[in-house]
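Next comes query_38.cif, with mmCIF, N, CA, C and O atoms.
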data_entry
loop_
_atom_site.group_PDB
_atom_site.id
_atom_site.type_symbol
_atom_site.label_atom_id
_atom_site.label_comp_id
_atom_site.auth_asym_id
_atom_site.auth_seq_id
_atom_site.Cartn_x
_atom_site.Cartn_y
_atom_site.Cartn_z
ATOM 1 N N MET N 142 0.823 -1.195 0.000
ATOM 2 C CA MET N 142 0.000 0.000 0.000
ATOM 3 C C MET N 142 0.863 1.253 0.000
ATOM 4 O O MET N 142 0.569 2.201 -0.682
ATOM 5 N N ILE N 143 1.944 1.265 0.803
ATOM 6 C CA ILE N 143 2.824 2.432 0.858
ATOM 7 C C ILE N 143 3.452 2.675 -0.496
ATOM 8 O O ILE N 143 3.552 3.806 -0.947
ATOM 9 N N LEU N 144 3.861 1.609 -1.182
ATOM 10 C CA LEU N 144 4.451 1.760 -2.501
ATOM 11 C C LEU N 144 3.465 2.409 -3.458
ATOM 12 O O LEU N 144 3.828 3.287 -4.235
ATOM 13 N N GLY N 145 2.200 2.031 -3.386
ATOM 14 C CA GLY N 145 1.183 2.631 -4.247
ATOM 15 C C GLY N 145 1.015 4.115 -3.966
ATOM 16 O O GLY N 145 0.859 4.923 -4.875
ATOM 17 N N VAL N 146 1.073 4.516 -2.708
ATOM 18 C CA VAL N 146 0.951 5.931 -2.344
ATOM 19 C C VAL N 146 2.157 6.701 -2.843
ATOM 20 O O VAL N 146 2.041 7.785 -3.396
ATOM 21 N N LEU N 147 3.351 6.132 -2.667
ATOM 22 C CA LEU N 147 4.560 6.802 -3.151
ATOM 23 C C LEU N 147 4.549 6.955 -4.665
ATOM 24 O O LEU N 147 4.936 7.990 -5.184
ATOM 25 N N MET N 148 4.101 5.945 -5.356
ATOM 26 C CA MET N 148 4.047 6.016 -6.813
ATOM 27 C C MET N 148 3.018 7.051 -7.253
ATOM 28 O O MET N 148 3.253 7.808 -8.181
ATOM 29 N N ALA N 149 1.888 7.112 -6.564
ATOM 30 C CA ALA N 149 0.869 8.102 -6.904
ATOM 31 C C ALA N 149 1.403 9.499 -6.659
ATOM 32 O O ALA N 149 1.188 10.404 -7.458
ATOM 33 N N ASP N 150 2.129 9.690 -5.556
ATOM 34 C CA ASP N 150 2.701 10.993 -5.252
ATOM 35 C C ASP N 150 3.734 11.383 -6.304
ATOM 36 O O ASP N 150 3.759 12.509 -6.766
ATOM 37 N N THR N 151 4.567 10.444 -6.703
ATOM 38 C CA THR N 151 5.571 10.710 -7.725
ATOM 39 C C THR N 151 4.911 11.057 -9.046
ATOM 40 O O THR N 151 5.314 11.996 -9.723
ATOM 41 N N THR N 152 3.885 10.340 -9.400
ATOM 42 C CA THR N 152 3.179 10.630 -10.640
ATOM 43 C C THR N 152 2.536 12.005 -10.578
ATOM 44 O O THR N 152 2.617 12.782 -11.515
ATOM 45 N N LEU N 153 1.926 12.335 -9.450
ATOM 46 C CA LEU N 153 1.304 13.640 -9.272
ATOM 47 C C LEU N 153 2.345 14.744 -9.394
ATOM 48 O O LEU N 153 2.126 15.732 -10.076
ATOM 49 N N ASN N 154 3.493 14.540 -8.753
ATOM 50 C CA ASN N 154 4.546 15.548 -8.820
ATOM 51 C C ASN N 154 5.073 15.713 -10.231
ATOM 52 O O ASN N 154 5.364 16.815 -10.650
ATOM 53 N N THR N 155 5.199 14.636 -10.943
ATOM 54 C CA THR N 155 5.733 14.702 -12.297
ATOM 55 C C THR N 155 4.775 15.428 -13.230
ATOM 56 O O THR N 155 5.178 16.253 -14.024
ATOM 57 N N ARG N 156 3.504 15.154 -13.116
ATOM 58 C CA ARG N 156 2.523 15.742 -14.020
ATOM 59 C C ARG N 156 2.232 17.201 -13.692
ATOM 60 O O ARG N 156 2.120 18.028 -14.575
ATOM 61 N N SER N 157 2.070 17.521 -12.422
ATOM 62 C CA SER N 157 1.681 18.886 -12.064
ATOM 63 C C SER N 157 2.881 19.791 -11.817
ATOM 64 O O SER N 157 2.762 21.001 -11.892
ATOM 65 N N GLY N 158 4.014 19.228 -11.493
ATOM 66 C CA GLY N 158 5.199 20.022 -11.185
ATOM 67 C C GLY N 158 5.143 20.627 -9.789
ATOM 68 O O GLY N 158 5.942 21.468 -9.454
ATOM 69 N N ILE N 159 4.164 20.236 -8.983
ATOM 70 C CA ILE N 159 4.013 20.767 -7.639
ATOM 71 C C ILE N 159 4.112 19.616 -6.648
ATOM 72 O O ILE N 159 3.427 18.618 -6.794
ATOM 73 N N SER N 160 4.961 19.776 -5.660
ATOM 74 C CA SER N 160 5.067 18.751 -4.622
ATOM 75 C C SER N 160 4.393 19.252 -3.358
ATOM 76 O O SER N 160 4.273 20.455 -3.129
ATOM 77 N N LEU N 161 3.964 18.334 -2.545
ATOM 78 C CA LEU N 161 3.321 18.685 -1.289
ATOM 79 C C LEU N 161 4.297 19.416 -0.380
ATOM 80 O O LEU N 161 3.939 20.410 0.249
ATOM 81 N N SER N 162 5.540 18.966 -0.334
ATOM 82 C CA SER N 162 6.532 19.638 0.512
ATOM 83 C C SER N 162 6.810 21.050 -0.001
ATOM 84 O O SER N 162 6.992 21.977 0.786
ATOM 85 N N GLY N 163 6.830 21.229 -1.310
ATOM 86 C CA GLY N 163 7.021 22.561 -1.884
ATOM 87 C C GLY N 163 5.867 23.488 -1.554
ATOM 88 O O GLY N 163 6.057 24.665 -1.267
ATOM 89 N N LEU N 164 4.675 22.932 -1.565
ATOM 90 C CA LEU N 164 3.489 23.719 -1.218
ATOM 91 C C LEU N 164 3.559 24.164 0.239
ATOM 92 O O LEU N 164 3.330 25.335 0.546
ATOM 93 N N PHE N 165 3.895 23.248 1.151
ATOM 94 C CA PHE N 165 4.016 23.604 2.563
ATOM 95 C C PHE N 165 5.121 24.634 2.782
ATOM 96 O O PHE N 165 4.971 25.556 3.579
ATOM 97 N N ARG N 166 6.235 24.481 2.079
ATOM 98 C CA ARG N 166 7.335 25.429 2.206
ATOM 99 C C ARG N 166 6.893 26.816 1.751
ATOM 100 O O ARG N 166 7.142 27.818 2.416
ATOM 101 N N THR N 167 6.191 26.892 0.632
ATOM 102 C CA THR N 167 5.725 28.171 0.105
ATOM 103 C C THR N 167 4.736 28.828 1.060
ATOM 104 O O THR N 167 4.822 30.023 1.331
ATOM 105 N N VAL N 168 3.808 28.046 1.581
ATOM 106 C CA VAL N 168 2.828 28.580 2.535
ATOM 107 C C VAL N 168 3.546 29.053 3.799
ATOM 108 O O VAL N 168 3.268 30.141 4.316
ATOM 109 N N GLY N 169 4.490 28.269 4.287
ATOM 110 C CA GLY N 169 5.244 28.644 5.483
ATOM 111 C C GLY N 169 6.042 29.920 5.279
ATOM 112 O O GLY N 169 6.057 30.806 6.145
ATOM 113 N N GLU N 170 6.692 30.044 4.136
ATOM 114 C CA GLU N 170 7.464 31.253 3.843
ATOM 115 C C GLU N 170 6.555 32.470 3.745
ATOM 116 O O GLU N 170 6.900 33.560 4.213
ATOM 117 N N SER N 171 5.386 32.286 3.155
ATOM 118 C CA SER N 171 4.433 33.392 3.038
ATOM 119 C C SER N 171 3.920 33.825 4.403
ATOM 120 O O SER N 171 3.808 35.025 4.677
ATOM 121 N N LEU N 172 3.611 32.872 5.263
ATOM 122 C CA LEU N 172 3.161 33.202 6.610
ATOM 123 C C LEU N 172 4.253 33.929 7.388
ATOM 124 O O LEU N 172 3.987 34.920 8.077
ATOM 125 N N PHE N 173 5.478 33.459 7.269
ATOM 126 C CA PHE N 173 6.594 34.091 7.964
ATOM 127 C C PHE N 173 6.782 35.527 7.478
ATOM 128 O O PHE N 173 6.952 36.448 8.275
ATOM 129 N N ALA N 174 6.742 35.733 6.176
ATOM 130 C CA ALA N 174 6.896 37.077 5.611
ATOM 131 C C ALA N 174 5.762 37.990 6.079
ATOM 132 O O ALA N 174 5.991 39.161 6.398
ATOM 133 N N GLY N 175 4.559 37.451 6.137
ATOM 134 C CA GLY N 175 3.422 38.242 6.605
ATOM 135 C C GLY N 175 3.563 38.637 8.065
ATOM 136 O O GLY N 175 3.277 39.774 8.441
ATOM 137 N N LEU N 176 4.027 37.707 8.893
ATOM 138 C CA LEU N 176 4.233 38.012 10.309
ATOM 139 C C LEU N 176 5.336 39.051 10.501
ATOM 140 O O LEU N 176 5.222 39.938 11.355
ATOM 141 N N CYS N 177 6.380 38.960 9.707
ATOM 142 C CA CYS N 177 7.462 39.953 9.782
ATOM 143 C C CYS N 177 6.947 41.338 9.387
ATOM 144 O O CYS N 177 7.263 42.335 10.042
ATOM 145 N N ALA N 178 6.150 41.395 8.323
ATOM 146 C CA ALA N 178 5.590 42.667 7.880
ATOM 147 C C ALA N 178 4.662 43.262 8.940
ATOM 148 O O ALA N 178 4.675 44.474 9.177
ATOM 149 N N MET N 179 3.871 42.407 9.580
ATOM 150 C CA MET N 179 2.979 42.883 10.639
ATOM 151 C C MET N 179 3.780 43.431 11.824
ATOM 152 O O MET N 179 3.426 44.456 12.398
ATOM 153 N N GLY N 180 4.855 42.757 12.167
ATOM 154 C CA GLY N 180 5.704 43.222 13.263
ATOM 155 C C GLY N 180 6.343 44.562 12.959
ATOM 156 O O GLY N 180 6.400 45.451 13.814
ATOM 157 N N GLU N 181 6.816 44.721 11.732
ATOM 158 C CA GLU N 181 7.428 45.992 11.347
ATOM 159 C C GLU N 181 6.391 47.108 11.328
ATOM 160 O O GLU N 181 6.653 48.220 11.785
ATOM 161 N N ALA N 182 5.207 46.821 10.806
ATOM 162 C CA ALA N 182 4.144 47.833 10.772
ATOM 163 C C ALA N 182 3.758 48.244 12.187
ATOM 164 O O ALA N 182 3.530 49.431 12.463
ATOM 165 N N ARG N 183 3.694 47.289 13.093
ATOM 166 C CA ARG N 183 3.344 47.595 14.480
ATOM 167 C C ARG N 183 4.416 48.467 15.124
ATOM 168 O O ARG N 183 4.108 49.414 15.847
ATOM 169 N N SER N 184 5.664 48.164 14.845
ATOM 170 C CA SER N 184 6.763 48.943 15.392
ATOM 171 C C SER N 184 6.712 50.383 14.879
ATOM 172 O O SER N 184 6.868 51.334 15.647
ATOM 173 N N ARG N 185 6.484 50.544 13.598
ATOM 174 C CA ARG N 185 6.414 51.896 13.027
ATOM 175 C C ARG N 185 5.201 52.651 13.559
ATOM 176 O O ARG N 185 5.269 53.858 13.797
ATOM 177 N N SER N 186 4.106 51.949 13.757
ATOM 178 C CA SER N 186 2.911 52.584 14.315
ATOM 179 C C SER N 186 3.194 53.100 15.726
ATOM 180 O O SER N 186 2.777 54.210 16.088
ATOM 181 N N ARG N 187 3.898 52.310 16.509
ATOM 182 C CA ARG N 187 4.263 52.746 17.867
ATOM 183 C C ARG N 187 5.169 53.975 17.824
ATOM 184 O O ARG N 187 5.020 54.895 18.631
ATOM 185 N N GLN N 188 6.123 53.972 16.891
ATOM 186 C CA GLN N 188 7.021 55.121 16.767
ATOM 187 C C GLN N 188 6.241 56.371 16.383
ATOM 188 O O GLN N 188 6.477 57.453 16.936
ATOM 189 N N LEU N 189 5.320 56.236 15.429
ATOM 190 C CA LEU N 189 4.501 57.376 15.015
ATOM 191 C C LEU N 189 3.704 57.920 16.194
ATOM 192 O O LEU N 189 3.644 59.136 16.413
ATOM 193 N N ASN N 190 3.086 57.022 16.959
ATOM 194 C CA ASN N 190 2.314 57.453 18.127
ATOM 195 C C ASN N 190 3.190 58.129 19.168
ATOM 196 O O ASN N 190 2.793 59.122 19.788
ATOM 197 N N PHE N 191 4.382 57.595 19.371
ATOM 198 C CA PHE N 191 5.298 58.191 20.342
ATOM 199 C C PHE N 191 5.660 59.618 19.938
ATOM 200 O O PHE N 191 5.546 60.550 20.738
ATOM 201 N N TYR N 192 6.102 59.796 18.704
ATOM 202 C CA TYR N 192 6.500 61.133 18.251
ATOM 203 C C TYR N 192 5.314 62.091 18.214
ATOM 204 O O TYR N 192 5.460 63.276 18.518
ATOM 205 N N ALA N 193 4.154 61.596 17.861
ATOM 206 C CA ALA N 193 2.966 62.450 17.832
ATOM 207 C C ALA N 193 2.588 62.914 19.234
ATOM 208 O O ALA N 193 1.995 63.992 19.398
ATOM 209 N N SER N 194 2.932 62.133 20.248
ATOM 210 C CA SER N 194 2.589 62.503 21.622
ATOM 211 C C SER N 194 3.539 63.551 22.199
ATOM 212 O O SER N 194 3.242 64.157 23.223
ATOM 213 N N LEU N 195 4.671 63.784 21.551
ATOM 214 C CA LEU N 195 5.640 64.759 22.052
ATOM 215 C C LEU N 195 5.175 66.182 21.727
ATOM 216 O O LEU N 195 4.484 66.419 20.734
ATOM 217 N N SER N 196 5.613 67.105 22.542
ATOM 218 C CA SER N 196 5.306 68.516 22.279
ATOM 219 C C SER N 196 6.220 69.007 21.149
ATOM 220 O O SER N 196 7.229 68.364 20.810
ATOM 221 N N ASP N 197 5.871 70.148 20.593
ATOM 222 C CA ASP N 197 6.704 70.725 19.533
ATOM 223 C C ASP N 197 8.110 71.021 20.048
ATOM 224 O O ASP N 197 9.093 70.857 19.324
ATOM 225 N N GLU N 198 8.220 71.427 21.294
ATOM 226 C CA GLU N 198 9.529 71.704 21.892
ATOM 227 C C GLU N 198 10.358 70.415 22.013
ATOM 228 O O GLU N 198 11.561 70.409 21.720
ATOM 229 N N GLU N 199 9.723 69.328 22.431
ATOM 230 C CA GLU N 199 10.432 68.051 22.549
ATOM 231 C C GLU N 199 10.862 67.543 21.173
ATOM 232 O O GLU N 199 11.964 66.992 21.021
ATOM 233 N N LEU N 200 10.005 67.726 20.188
ATOM 234 C CA LEU N 200 10.377 67.338 18.825
ATOM 235 C C LEU N 200 11.569 68.158 18.344
ATOM 236 O O LEU N 200 12.492 67.622 17.714
ATOM 237 N N LYS N 201 11.554 69.455 18.629
ATOM 238 C CA LYS N 201 12.645 70.340 18.207
ATOM 239 C C LYS N 201 13.971 69.890 18.823
ATOM 240 O O LYS N 201 15.006 69.901 18.158
ATOM 241 N N LYS N 202 13.933 69.470 20.089
ATOM 242 C CA LYS N 202 15.149 68.980 20.757
ATOM 243 C C LYS N 202 15.705 67.752 20.056
ATOM 244 O O LYS N 202 16.901 67.494 20.102
ATOM 245 N N ARG N 203 14.833 66.985 19.429
ATOM 246 C CA ARG N 203 15.247 65.777 18.699
ATOM 247 C C ARG N 203 15.554 66.071 17.226
ATOM 248 O O ARG N 203 15.840 65.165 16.457
ATOM 249 N N GLY N 204 15.452 67.335 16.852
ATOM 250 C CA GLY N 204 15.740 67.717 15.476
ATOM 251 C C GLY N 204 14.602 67.400 14.514
ATOM 252 O O GLY N 204 14.827 67.228 13.322
ATOM 253 N N LEU N 205 13.387 67.331 15.042
ATOM 254 C CA LEU N 205 12.221 66.992 14.227
ATOM 255 C C LEU N 205 11.177 68.094 14.260
ATOM 256 O O LEU N 205 11.131 68.892 15.192
ATOM 257 N N THR N 206 10.348 68.091 13.243
ATOM 258 C CA THR N 206 9.146 68.910 13.232
ATOM 259 C C THR N 206 7.969 67.966 13.115
ATOM 260 O O THR N 206 8.128 66.798 12.745
ATOM 261 N N ARG N 207 6.790 68.451 13.425
ATOM 262 C CA ARG N 207 5.605 67.617 13.333
ATOM 263 C C ARG N 207 5.416 67.106 11.899
ATOM 264 O O ARG N 207 5.010 65.973 11.692
ATOM 265 N N ASP N 208 5.738 67.952 10.920
ATOM 266 C CA ASP N 208 5.596 67.549 9.518
ATOM 267 C C ASP N 208 6.626 66.499 9.100
ATOM 268 O O ASP N 208 6.425 65.806 8.106
ATOM 269 N N GLY N 209 7.715 66.372 9.840
ATOM 270 C CA GLY N 209 8.768 65.441 9.465
ATOM 271 C C GLY N 209 8.731 64.101 10.176
ATOM 272 O O GLY N 209 9.605 63.253 9.957
ATOM 273 N N ILE N 210 7.719 63.896 11.014
ATOM 274 C CA ILE N 210 7.654 62.652 11.792
ATOM 275 C C ILE N 210 7.558 61.428 10.887
ATOM 276 O O ILE N 210 8.314 60.470 11.035
ATOM 277 N N VAL N 211 6.638 61.446 9.946
ATOM 278 C CA VAL N 211 6.433 60.273 9.086
ATOM 279 C C VAL N 211 7.689 59.973 8.283
ATOM 280 O O VAL N 211 8.116 58.822 8.185
ATOM 281 N N GLN N 212 8.299 61.012 7.727
ATOM 282 C CA GLN N 212 9.530 60.804 6.954
ATOM 283 C C GLN N 212 10.626 60.222 7.836
ATOM 284 O O GLN N 212 11.362 59.331 7.416
ATOM 285 N N HIS N 213 10.720 60.691 9.075
ATOM 286 C CA HIS N 213 11.733 60.178 10.004
ATOM 287 C C HIS N 213 11.495 58.702 10.330
ATOM 288 O O HIS N 213 12.427 57.888 10.305
ATOM 289 N N VAL N 214 10.240 58.340 10.624
ATOM 290 C CA VAL N 214 9.921 56.972 11.015
ATOM 291 C C VAL N 214 10.121 56.001 9.846
ATOM 292 O O VAL N 214 10.601 54.892 10.018
ATOM 293 N N PHE N 215 9.792 56.442 8.621
ATOM 294 C CA PHE N 215 9.903 55.554 7.473
ATOM 295 C C PHE N 215 11.220 55.713 6.711
ATOM 296 O O PHE N 215 11.393 55.071 5.666
ATOM 297 N N ALA N 216 12.146 56.502 7.232
ATOM 298 C CA ALA N 216 13.452 56.638 6.583
ATOM 299 C C ALA N 216 14.138 55.279 6.556
ATOM 300 O O ALA N 216 14.128 54.528 7.524
ATOM 301 N N GLY N 217 14.679 54.936 5.427
ATOM 302 C CA GLY N 217 15.378 53.658 5.297
ATOM 303 C C GLY N 217 14.485 52.496 4.901
ATOM 304 O O GLY N 217 14.960 51.393 4.697
ATOM 305 N N SER N 218 13.191 52.733 4.799
ATOM 306 C CA SER N 218 12.317 51.642 4.369
ATOM 307 C C SER N 218 12.164 51.706 2.848
ATOM 308 O O SER N 218 12.496 52.705 2.222
ATOM 309 N N ILE N 219 11.619 50.661 2.292
ATOM 310 C CA ILE N 219 11.463 50.625 0.826
ATOM 311 C C ILE N 219 10.277 51.459 0.361
ATOM 312 O O ILE N 219 10.086 51.664 -0.808
ATOM 313 N N TRP N 220 9.472 51.961 1.318
ATOM 314 C CA TRP N 220 8.275 52.726 0.954
ATOM 315 C C TRP N 220 8.502 54.229 1.054
ATOM 316 O O TRP N 220 7.624 54.976 1.393
ATOM 317 N N ARG N 221 9.702 54.671 0.764
ATOM 318 C CA ARG N 221 9.993 56.106 0.833
ATOM 319 C C ARG N 221 9.310 56.848 -0.256
ATOM 320 O O ARG N 221 9.010 56.453 -1.297
#
Please, can you express the file's structure as structure tokens?
Amino acid sequence: MILGVLMADTTLNTRSGISLSGLFRTVGESLFAGLCAMGEARSRSRQLNFYASLSDEELKKRGLTRDGIVQHVFAGSIWR
């Protein structure tokens, strides 16, 4: 019975070009990338909230203006 399952899997892989392990790997990589993106977005959101909570004087001490907060937080990201 195991031989029949292995042969069916091999035939399926040969015809479709998709393996079950490849599918799981792709899904896993996509989930990991999504979780990383969510973590980065959460971090940037916290930074935005932090800077927005500062007074104009506190921002000035940090070399920022209210208009420059978003540019500062997203500096170095691919979404410039």
Item checked: One-decimal distance in Å that lies between atom O of Ser162 in chain N and atom N of Arg183 in chain N -> 28.3 Å
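For His213 in chain N, the set of protein, DNA and RNA residues having any atom at most 12 Å away, when counting only C-alpha atoms and skipping those fewer than 2 positions along the same chain, is Arg185, Gln188, Leu189, Tyr192, Ala193, Leu200, Arg203, Gly204, Leu205, Thr206, Arg207, Asp208, Gly209, Ile210, Val211, Phe215, Ala216, Gly217, Ser218 and Arg221 of chain N.
Atom pair atom O of Ala182 in chain N / atom O of Gln212 in chain N has a distance of 13.6 Å (rounded to one decimal).
Take atom O of Thr167 in chain N and atom N of Ser186 in chain N: the distance between them is 25.2 Å.
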Starting from the incomplete input, reconstruct all heavy atoms of range 172-183 of chain N and report them as a PDB file, keeping the file's coordinate frame.
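rebuild_33.pdb, written as the output of this step:
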ATOM      1  N   LEU N 172       3.611  32.872   5.263  1.00  0.00           N
ATOM      2  CA  LEU N 172       3.161  33.202   6.610  1.00  0.00           C
ATOM      3  C   LEU N 172       4.253  33.929   7.388  1.00  0.00           C
ATOM      4  O   LEU N 172       3.987  34.920   8.077  1.00  0.00           O
ATOM      5  CB  LEU N 172       2.742  31.943   7.361  1.00  0.00           C
ATOM      6  CG  LEU N 172       1.413  31.321   6.948  1.00  0.00           C
ATOM      7  CD1 LEU N 172       1.219  29.980   7.647  1.00  0.00           C
ATOM      8  CD2 LEU N 172       0.268  32.255   7.277  1.00  0.00           C
ATOM      9  N   PHE N 173       5.478  33.459   7.269  1.00  0.00           N
ATOM     10  CA  PHE N 173       6.594  34.091   7.964  1.00  0.00           C
ATOM     11  C   PHE N 173       6.782  35.527   7.478  1.00  0.00           C
ATOM     12  O   PHE N 173       6.952  36.448   8.275  1.00  0.00           O
ATOM     13  CB  PHE N 173       7.882  33.280   7.765  1.00  0.00           C
ATOM     14  CG  PHE N 173       9.063  33.854   8.475  1.00  0.00           C
ATOM     15  CD1 PHE N 173       9.189  33.748   9.851  1.00  0.00           C
ATOM     16  CD2 PHE N 173      10.064  34.500   7.767  1.00  0.00           C
ATOM     17  CE1 PHE N 173      10.276  34.276  10.512  1.00  0.00           C
ATOM     18  CE2 PHE N 173      11.159  35.035   8.417  1.00  0.00           C
ATOM     19  CZ  PHE N 173      11.269  34.926   9.797  1.00  0.00           C
ATOM     20  N   ALA N 174       6.742  35.733   6.176  1.00  0.00           N
ATOM     21  CA  ALA N 174       6.896  37.077   5.611  1.00  0.00           C
ATOM     22  C   ALA N 174       5.762  37.990   6.079  1.00  0.00           C
ATOM     23  O   ALA N 174       5.991  39.161   6.398  1.00  0.00           O
ATOM     24  CB  ALA N 174       6.932  37.011   4.081  1.00  0.00           C
ATOM     25  N   GLY N 175       4.559  37.451   6.137  1.00  0.00           N
ATOM     26  CA  GLY N 175       3.422  38.242   6.605  1.00  0.00           C
ATOM     27  C   GLY N 175       3.563  38.637   8.065  1.00  0.00           C
ATOM     28  O   GLY N 175       3.277  39.774   8.441  1.00  0.00           O
ATOM     29  N   LEU N 176       4.027  37.707   8.893  1.00  0.00           N
ATOM     30  CA  LEU N 176       4.233  38.012  10.309  1.00  0.00           C
ATOM     31  C   LEU N 176       5.336  39.051  10.501  1.00  0.00           C
ATOM     32  O   LEU N 176       5.222  39.938  11.355  1.00  0.00           O
ATOM     33  CB  LEU N 176       4.561  36.737  11.084  1.00  0.00           C
ATOM     34  CG  LEU N 176       3.402  35.763  11.263  1.00  0.00           C
ATOM     35  CD1 LEU N 176       3.900  34.452  11.886  1.00  0.00           C
ATOM     36  CD2 LEU N 176       2.306  36.368  12.114  1.00  0.00           C
ATOM     37  N   CYS N 177       6.380  38.960   9.707  1.00  0.00           N
ATOM     38  CA  CYS N 177       7.462  39.953   9.782  1.00  0.00           C
ATOM     39  C   CYS N 177       6.947  41.338   9.387  1.00  0.00           C
ATOM     40  O   CYS N 177       7.263  42.335  10.042  1.00  0.00           O
ATOM     41  CB  CYS N 177       8.626  39.553   8.881  1.00  0.00           C
ATOM     42  SG  CYS N 177       9.574  38.156   9.492  1.00  0.00           S
ATOM     43  N   ALA N 178       6.150  41.395   8.323  1.00  0.00           N
ATOM     44  CA  ALA N 178       5.590  42.667   7.880  1.00  0.00           C
ATOM     45  C   ALA N 178       4.662  43.262   8.940  1.00  0.00           C
ATOM     46  O   ALA N 178       4.675  44.474   9.177  1.00  0.00           O
ATOM     47  CB  ALA N 178       4.840  42.483   6.561  1.00  0.00           C
ATOM     48  N   MET N 179       3.871  42.407   9.580  1.00  0.00           N
ATOM     49  CA  MET N 179       2.979  42.883  10.639  1.00  0.00           C
ATOM     50  C   MET N 179       3.780  43.431  11.824  1.00  0.00           C
ATOM     51  O   MET N 179       3.426  44.456  12.398  1.00  0.00           O
ATOM     52  CB  MET N 179       2.058  41.756  11.111  1.00  0.00           C
ATOM     53  CG  MET N 179       0.945  41.447  10.164  1.00  0.00           C
ATOM     54  SD  MET N 179      -0.068  40.007  10.616  1.00  0.00           S
ATOM     55  CE  MET N 179      -0.278  40.161  12.354  1.00  0.00           C
ATOM     56  N   GLY N 180       4.855  42.757  12.167  1.00  0.00           N
ATOM     57  CA  GLY N 180       5.704  43.222  13.263  1.00  0.00           C
ATOM     58  C   GLY N 180       6.343  44.562  12.959  1.00  0.00           C
ATOM     59  O   GLY N 180       6.400  45.451  13.814  1.00  0.00           O
ATOM     60  N   GLU N 181       6.816  44.721  11.732  1.00  0.00           N
ATOM     61  CA  GLU N 181       7.428  45.992  11.347  1.00  0.00           C
ATOM     62  C   GLU N 181       6.391  47.108  11.328  1.00  0.00           C
ATOM     63  O   GLU N 181       6.653  48.220  11.785  1.00  0.00           O
ATOM     64  CB  GLU N 181       8.095  45.879   9.979  1.00  0.00           C
ATOM     65  CG  GLU N 181       8.837  47.132   9.594  1.00  0.00           C
ATOM     66  CD  GLU N 181       9.647  47.002   8.322  1.00  0.00           C
ATOM     67  OE1 GLU N 181       9.955  45.868   7.921  1.00  0.00           O
ATOM     68  OE2 GLU N 181       9.953  48.044   7.730  1.00  0.00           O
ATOM     69  N   ALA N 182       5.207  46.821  10.806  1.00  0.00           N
ATOM     70  CA  ALA N 182       4.144  47.833  10.772  1.00  0.00           C
ATOM     71  C   ALA N 182       3.758  48.244  12.187  1.00  0.00           C
ATOM     72  O   ALA N 182       3.530  49.431  12.463  1.00  0.00           O
ATOM     73  CB  ALA N 182       2.931  47.294  10.018  1.00  0.00           C
ATOM     74  N   ARG N 183       3.694  47.289  13.093  1.00  0.00           N
ATOM     75  CA  ARG N 183       3.344  47.595  14.480  1.00  0.00           C
ATOM     76  C   ARG N 183       4.416  48.467  15.124  1.00  0.00           C
ATOM     77  O   ARG N 183       4.108  49.414  15.847  1.00  0.00           O
ATOM     78  CB  ARG N 183       3.172  46.292  15.249  1.00  0.00           C
ATOM     79  CG  ARG N 183       2.651  46.482  16.628  1.00  0.00           C
ATOM     80  CD  ARG N 183       2.356  45.159  17.274  1.00  0.00           C
ATOM     81  NE  ARG N 183       1.743  45.382  18.573  1.00  0.00           N
ATOM     82  CZ  ARG N 183       1.457  44.440  19.410  1.00  0.00           C
ATOM     83  NH1 ARG N 183       1.712  43.183  19.109  1.00  0.00           N
ATOM     84  NH2 ARG N 183       0.918  44.708  20.563  1.00  0.00           N
TER      85      ARG N 183
END
